[in-house]
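Asker: Got a structure for you, written out below as structure tokens; questions coming shortly.
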Amino acid sequence: MNILILGGGGREHALAWAVKQNPKCDRLIVAPGNAGIAQIAECAALDILDAGRVVAFCEENAIDFVIVGPEAPLAAGVADATRAAGILTFGPSQAAAQLEASKRFTKEVCDACAAPTAAWARFTEASPAKDYIREKGAPIVVKADGLAAGKGVIVAMTEAEALAAIDDMFGGEFGEAGAEVVIEEFMQGEEASFFILSDGTTALPFGTAQDHKRVGDGDTGPNTGGMGAYSPAPVLTEALQAQAMERIVLPTIREMARRGTPYQGILYAGLMIDDDPQSGERRARLVEYNCRFGDPEAQVLMMRLGAQVLDHLIATADQRLAQAKVNWADDHALSVVLAAKGYPGSYQKGSRIGGLEDLPQDSRHMVFHAGTTAKDGATLASGGRVLNVTARGDSLAEARDEAYKMVDAIDWPEGFCRRDIGWRAL
């Protein structure tokens, strides 16, 4: 098969790495890709938000299968366009991708199918939103309704923080994404990620992971796109996964089908785990849905799944998930994000990263590139989150030690990382 992956981050590098191992893959193109992806696949300069151009590129290059990596092309309807052109495509339709593109839409779906989630309200003006915050008090969660590159969620621990978040959102800090705001109950507990493949009717659990959102050790500082992850997540026991499927995922998939927008692709459920204050039962509640693999969660999932990933993505796109089975090894994977100093605030681009050529690249050790470019034989930082240093181990402690051993061999004074990835499980 000739395969096109849309995207250029660490998630897409991990997807490309896994897909490349499958003998079904004859030619692999990633658009736009990055310096690390260029080492294993062809990279193409392509506007992945331009559905017409993506279709034309697929036709020019005889593409058999398209994998849409990030959320923005999904929200722009790129998967609809490639499917309409008769190209097998992995990724939900524009209508179904509203599960990520609109926080309000997701809450309405949850209400319609009785999926447990936080109490909420939506606002299009600042004044009533502030009145609501004063009535409810803090802590409270303020979310831009639309896509904000993972940065449109403010977990406000004080009323003043929440009111300032309202000013920022309606003041245009998140552009059109903040034109409407969803305010939610603050949920106590431990958060984890649950991944499910859906072909519109059948749903297949596809792994668990735990992300580290805050920038500093001990989960301190502002939220980021993710500073590291590990898989599996022990907090998501088999019983809780079964509960989440029964109470949250399957009702959502049935409701999406009922609306005439069947969900086909990866469904990434962020879950809050706590004890029900009434029954004492351990429970999972939905924090939010994403319509693509997490980043950096994809890196640890791909590390554990390897070549079988492609078979499952094809089965999803082909509506053949009922016959699919995931083969898990009894192993663990952990990924440490190396970011540019200053992230998630302002940071400099263009610094040189050394030592990468001496690191192992095999089924148990990989450095996935997230924000890099190549120039004159050197690897340069070109983003906030720059590298995902990832390792597998027979235990989580082994995976952690191997990952940090690789981190310490990288020569990049302009970068930093958290030193406690995996702390909840360890």
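Chain labels follow the order of the structure tokens: the first chain is A, the next B, and so on; residue numbering restarts at 1 in every chain, and ligands are counted from 1 in their shown order.
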Near region 48-58 of chain A, counting only C-alpha atoms, which residues have an atom at most 8 Å away, once you skip same-chain residues fewer than 2 positions from it, shown as a PyMOL selection string?
Answerer: chain A and resi 4+6-7+31-32+46+60-64+72-73+76-78+81-82+85
Asker: Give me, as a PyMOL selection string, all polymer residues having an atom no more than 8 Å from Gly422 (chain A), counting only C-alpha atoms and skipping those fewer than 3 positions away in the same chain.
Answerer: chain A and resi 229-230+334+396+400+425-426
Asker: Taking only C-alpha atoms into account, name the residue in A:Asp331, A:Ile133, A:Glu281, A:Gln323 that is nearest to Arg304 (chain A).
Answerer: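 Counting only C-alpha atoms, the residue closest to Arg304 (chain A) is A:Asp331.
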Asker: Could you please write out, as an NGL selection string, every residue of region 268-374 of chain A that DSSP assigns to alpha helix (DSSP H)?
Answerer: :A and (297-305 or 308-317)
Asker: Quick one: everything within 10 Å of Gln188 (chain A), counting only C-alpha atoms, minus sequence neighbours fewer than 3 positions away in the same chain. Send it as a list in words.
Answerer: Pro139, Glu185, Glu191, Met272, Ile273, Asp274 and Asp275 of chain A
Asker: Quick check, in Å to one decimal: how far apart do CA of Val155 (chain A) and CA of Tyr289 (chain A) lie?
Answerer: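 Between these atoms lies a distance of 16.9 Å.
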Asker: At a cut-off of 12 Å, can you tabulate as a Markdown table every residue of region 52-87 of chain A near region 265-270 of chain A together with its closest atom pair and the distance in Å to one decimal, using only C-alpha atoms and ordering rows by chain then number?
Answerer:
| residue | atom | partner | partner_atom | distance |
| --- | --- | --- | --- | --- |
| A:Val66 | CA | A:Gly265 | CA | 11.8 |
| A:Ile67 | CA | A:Gly265 | CA | 9.5 |
| A:Val68 | CA | A:Gly265 | CA | 9.4 |
| A:Gly69 | CA | A:Ile266 | CA | 10.1 |
| A:Pro70 | CA | A:Ile266 | CA | 11.4 |
| A:Glu71 | CA | A:Ile266 | CA | 11.2 |
| A:Leu74 | CA | A:Gly265 | CA | 10.5 |
| A:Ala79 | CA | A:Gly265 | CA | 10.3 |
Asker: Take the residues that were just selected and, keeping N, CA and C atoms, output them as a PDB file, in the first residue's frame.
Answerer:
ATOM      1  N   VAL A  66      -5.131   6.900   3.841  1.00  0.00           N
ATOM      2  CA  VAL A  66      -4.783   8.161   4.496  1.00  0.00           C
ATOM      3  C   VAL A  66      -5.035   8.028   5.993  1.00  0.00           C
ATOM      4  N   ILE A  67      -4.053   8.415   6.801  1.00  0.00           N
ATOM      5  CA  ILE A  67      -4.189   8.452   8.263  1.00  0.00           C
ATOM      6  C   ILE A  67      -4.086   9.915   8.675  1.00  0.00           C
ATOM      7  N   VAL A  68      -5.161  10.446   9.249  1.00  0.00           N
ATOM      8  CA  VAL A  68      -5.155  11.851   9.675  1.00  0.00           C
ATOM      9  C   VAL A  68      -4.682  11.920  11.118  1.00  0.00           C
ATOM     10  N   GLY A  69      -3.544  12.577  11.359  1.00  0.00           N
ATOM     11  CA  GLY A  69      -2.957  12.631  12.696  1.00  0.00           C
ATOM     12  C   GLY A  69      -3.571  13.664  13.618  1.00  0.00           C
ATOM     13  N   PRO A  70      -3.482  14.968  13.302  1.00  0.00           N
ATOM     14  CA  PRO A  70      -3.942  16.004  14.231  1.00  0.00           C
ATOM     15  C   PRO A  70      -5.440  16.289  14.107  1.00  0.00           C
ATOM     16  N   GLU A  71      -5.925  17.082  15.061  1.00  0.00           N
ATOM     17  CA  GLU A  71      -7.348  17.402  15.099  1.00  0.00           C
ATOM     18  C   GLU A  71      -7.778  18.446  14.068  1.00  0.00           C
ATOM     19  N   LEU A  74      -9.126  17.226  10.751  1.00  0.00           N
ATOM     20  CA  LEU A  74     -10.397  16.536  10.965  1.00  0.00           C
ATOM     21  C   LEU A  74     -11.524  17.549  11.087  1.00  0.00           C
ATOM     22  N   ALA A  79     -10.949  14.442   6.164  1.00  0.00           N
ATOM     23  CA  ALA A  79     -11.303  13.024   6.064  1.00  0.00           C
ATOM     24  C   ALA A  79     -12.549  12.822   5.203  1.00  0.00           C
TER      25      ALA A  79
END
Asker: From region 14-204 of chain A, collect each residue whose DSSP state is strand (DSSP E) and return the set as a PyMOL selection string.
Answerer: chain A and resi 27-32+42-43+65-68+88-90+120-123+140-144+153-156+181-185+190-199+203-204
Asker: Write the residues you've just listed into a file as a short mmCIF file (atom, residue, chain, number, x, y, z; two decimals), in the first residue's frame, and include C-alpha atoms for each of them.
Answerer:
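As a result, selection_20.cif now contains:
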data_model
loop_
_atom_site.label_atom_id
_atom_site.label_comp_id
_atom_site.auth_asym_id
_atom_site.auth_seq_id
_atom_site.Cartn_x
_atom_site.Cartn_y
_atom_site.Cartn_z
CA ARG A 27 5.52 3.55 0.33
CA LEU A 28 5.09 5.96 3.25
CA ILE A 29 4.67 9.72 2.89
CA VAL A 30 4.18 12.09 5.82
CA ALA A 31 3.01 15.67 5.27
CA PRO A 32 4.60 17.88 6.35
CA GLU A 42 9.23 10.67 2.55
CA CYS A 43 8.17 14.13 3.71
CA PHE A 65 -4.73 4.83 2.65
CA VAL A 66 -4.78 8.16 4.50
CA ILE A 67 -4.19 8.45 8.26
CA VAL A 68 -5.16 11.85 9.68
CA LEU A 88 -9.62 4.61 2.37
CA THR A 89 -9.26 6.99 5.33
CA PHE A 90 -8.66 6.70 9.06
CA TRP A 120 -21.55 22.37 33.05
CA ALA A 121 -22.91 25.57 31.54
CA ARG A 122 -22.12 27.48 28.32
CA PHE A 123 -21.77 31.21 27.76
CA ILE A 140 -13.73 25.51 38.71
CA VAL A 141 -12.76 24.73 35.10
CA VAL A 142 -13.03 27.24 32.26
CA LYS A 143 -12.77 25.93 28.69
CA ALA A 144 -12.69 27.62 25.30
CA VAL A 153 -8.48 24.76 29.36
CA ILE A 154 -7.93 26.70 32.60
CA VAL A 155 -8.21 24.75 35.85
CA ALA A 156 -8.82 27.72 38.14
CA VAL A 181 -16.99 29.30 26.78
CA VAL A 182 -17.92 26.17 28.71
CA ILE A 183 -17.59 26.29 32.51
CA GLU A 184 -17.45 22.97 34.34
CA GLU A 185 -17.49 21.55 37.81
CA GLU A 190 -6.81 10.89 39.12
CA GLU A 191 -6.95 11.48 35.37
CA ALA A 192 -6.02 8.87 32.78
CA SER A 193 -6.42 8.30 29.04
CA PHE A 194 -8.47 5.50 27.48
CA PHE A 195 -8.20 4.84 23.74
CA ILE A 196 -10.90 3.13 21.70
CA LEU A 197 -11.12 2.32 18.00
CA SER A 198 -14.59 2.69 16.51
CA ASP A 199 -15.77 1.86 12.99
CA ALA A 203 -15.77 -0.38 19.48
CA LEU A 204 -12.42 -1.94 20.38
#
Asker: Which polymer residues have any atom within 7 Å of an atom of Tyr263 (chain A), counting only C-alpha atoms, with same-chain residues fewer than 6 positions away left out, as a ChimeraX atom specification?
Answerer: /A:92,96,198-200,253,256
Asker: Deliver the residues from the most recent selection as a file, using N, CA and C atoms, as a PDB file, in the first residue's frame.
Answerer:
ATOM      1  N   PRO A  92     -12.289  10.512  11.878  1.00  0.00           N
ATOM      2  CA  PRO A  92     -13.719  10.801  11.838  1.00  0.00           C
ATOM      3  C   PRO A  92     -14.079  11.912  10.863  1.00  0.00           C
ATOM      4  N   ALA A  96     -18.518  14.336  13.070  1.00  0.00           N
ATOM      5  CA  ALA A  96     -18.189  13.522  14.238  1.00  0.00           C
ATOM      6  C   ALA A  96     -17.044  14.121  15.042  1.00  0.00           C
ATOM      7  N   SER A 198     -13.184   2.876  16.856  1.00  0.00           N
ATOM      8  CA  SER A 198     -14.592   2.694  16.508  1.00  0.00           C
ATOM      9  C   SER A 198     -14.748   2.768  14.994  1.00  0.00           C
ATOM     10  N   ASP A 199     -15.496   1.811  14.432  1.00  0.00           N
ATOM     11  CA  ASP A 199     -15.769   1.864  12.994  1.00  0.00           C
ATOM     12  C   ASP A 199     -17.188   2.337  12.710  1.00  0.00           C
ATOM     13  N   GLY A 200     -17.821   2.914  13.730  1.00  0.00           N
ATOM     14  CA  GLY A 200     -19.176   3.413  13.590  1.00  0.00           C
ATOM     15  C   GLY A 200     -20.180   2.560  14.332  1.00  0.00           C
ATOM     16  N   ILE A 253     -21.096   6.304  21.229  1.00  0.00           N
ATOM     17  CA  ILE A 253     -21.063   5.811  19.853  1.00  0.00           C
ATOM     18  C   ILE A 253     -22.478   5.582  19.319  1.00  0.00           C
ATOM     19  N   MET A 256     -23.994   9.039  18.630  1.00  0.00           N
ATOM     20  CA  MET A 256     -23.452   9.626  17.401  1.00  0.00           C
ATOM     21  C   MET A 256     -24.097   8.985  16.176  1.00  0.00           C
TER      22      MET A 256
END
Asker: May I ask for the distance between CA of Pro251 (chain A) and CA of Cys113 (chain A), given in Å to one decimal place?
Answerer: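 These atoms are spaced 5.6 Å apart.
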Asker: Env of Ala14 (chain A): 8 Å cut, atoms = only C-alpha atoms, seq-sep filter 6 positions within chain, self excluded. Answer as a PDB file with N, CA and C atoms, in the first residue's frame.
Answerer:
ATOM      1  N   ALA A 298       0.381   8.751  22.186  1.00  0.00           N
ATOM      2  CA  ALA A 298       0.570   7.916  20.990  1.00  0.00           C
ATOM      3  C   ALA A 298       1.951   7.273  20.979  1.00  0.00           C
ATOM      4  N   GLN A 299       2.935   8.007  21.466  1.00  0.00           N
ATOM      5  CA  GLN A 299       4.298   7.508  21.411  1.00  0.00           C
ATOM      6  C   GLN A 299       4.459   6.232  22.244  1.00  0.00           C
ATOM      7  N   MET A 302       2.238   3.368  20.479  1.00  0.00           N
ATOM      8  CA  MET A 302       2.874   2.831  19.272  1.00  0.00           C
ATOM      9  C   MET A 302       4.079   1.967  19.622  1.00  0.00           C
ATOM     10  N   MET A 303       4.821   2.381  20.652  1.00  0.00           N
ATOM     11  CA  MET A 303       6.000   1.629  21.078  1.00  0.00           C
ATOM     12  C   MET A 303       5.602   0.217  21.507  1.00  0.00           C
ATOM     13  N   PHE A 368      11.325  10.083  19.286  1.00  0.00           N
ATOM     14  CA  PHE A 368      10.370  10.589  18.308  1.00  0.00           C
ATOM     15  C   PHE A 368      10.469  12.113  18.267  1.00  0.00           C
TER      16      PHE A 368
END
Asker: At what distance in Å, to one decimal, does CA of Ala370 (chain A) lie from CA of Met1 (chain A)?
Answerer: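 Computing it gives 25.5 Å between the two atoms.
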Asker: From the options A:Ala378, A:Val389, A:Cys25, A:Ala317, which residue's atoms come nearest to Met227 (chain A), counting only C-alpha atoms?
Answerer: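 Closest residue, counting only C-alpha atoms: A:Val389.
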Asker: Leaving out Arg254 (chain A) and any residue of its chain fewer than 4 positions from it, which residues lie within 8 Å of it when counting only C-alpha atoms, given as a PyMOL selection string?
Answerer: chain A and resi 201+250+258
Asker: Kindly export the residues of the current selection with C-alpha atoms, as a PDB file, in the first residue's frame.
Answerer:
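The resulting file, again-v5.pdb, is reproduced below:
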ATOM      1  CA  THR A 201     -20.784   0.352  15.170  1.00  0.00           C
ATOM      2  CA  LEU A 250     -20.737   2.724  23.878  1.00  0.00           C
ATOM      3  CA  ARG A 258     -28.483   8.070  16.098  1.00  0.00           C
TER       4      ARG A 258
END
Asker: Give me the residues within 12 Å of Glu402 (chain A) as a ChimeraX atom specification, counting only C-alpha atoms and dropping any in the same chain fewer than 3 places off.
Answerer: /A:332-336,359-360,364-367,389-399,405-409
Asker: Could you write out that same residue set with C-alpha atoms as a tab-separated table (two decimals), in the first residue's frame?
Answerer:
chain	number	residue	atom	x	y	z
A	332	HIS	CA	5.48	-0.97	29.70
A	333	ALA	CA	6.52	2.14	27.79
A	334	LEU	CA	7.43	5.61	29.01
A	335	SER	CA	8.10	8.81	27.07
A	336	VAL	CA	9.85	11.96	28.33
A	359	LEU	CA	21.29	6.82	20.67
A	360	PRO	CA	19.74	3.39	19.98
A	364	ARG	CA	12.67	-0.75	22.82
A	365	HIS	CA	14.30	2.65	22.36
A	366	MET	CA	13.20	5.55	20.13
A	367	VAL	CA	13.49	9.31	20.04
A	389	VAL	CA	12.43	10.19	24.34
A	390	THR	CA	10.68	6.83	24.59
A	391	ALA	CA	11.60	3.41	25.96
A	392	ARG	CA	9.97	0.03	26.62
A	393	GLY	CA	10.72	-2.18	29.58
A	394	ASP	CA	9.51	-5.31	31.34
A	395	SER	CA	8.53	-3.00	34.19
A	396	LEU	CA	7.63	0.68	34.30
A	397	ALA	CA	10.73	1.38	36.39
A	398	GLU	CA	12.90	-0.20	33.70
A	399	ALA	CA	11.21	1.83	30.96
A	405	LYS	CA	19.43	7.33	30.28
A	406	MET	CA	18.72	8.45	26.71
A	407	VAL	CA	17.65	11.92	27.86
A	408	ASP	CA	20.96	12.37	29.68
A	409	ALA	CA	22.90	11.48	26.52
Asker: Ranking A:Asp330, A:Asp47, A:Asp318, A:Asp411 by minimum distance to Arg83 (chain A) and counting only C-alpha atoms, which one comes first?
Answerer: A:Asp318
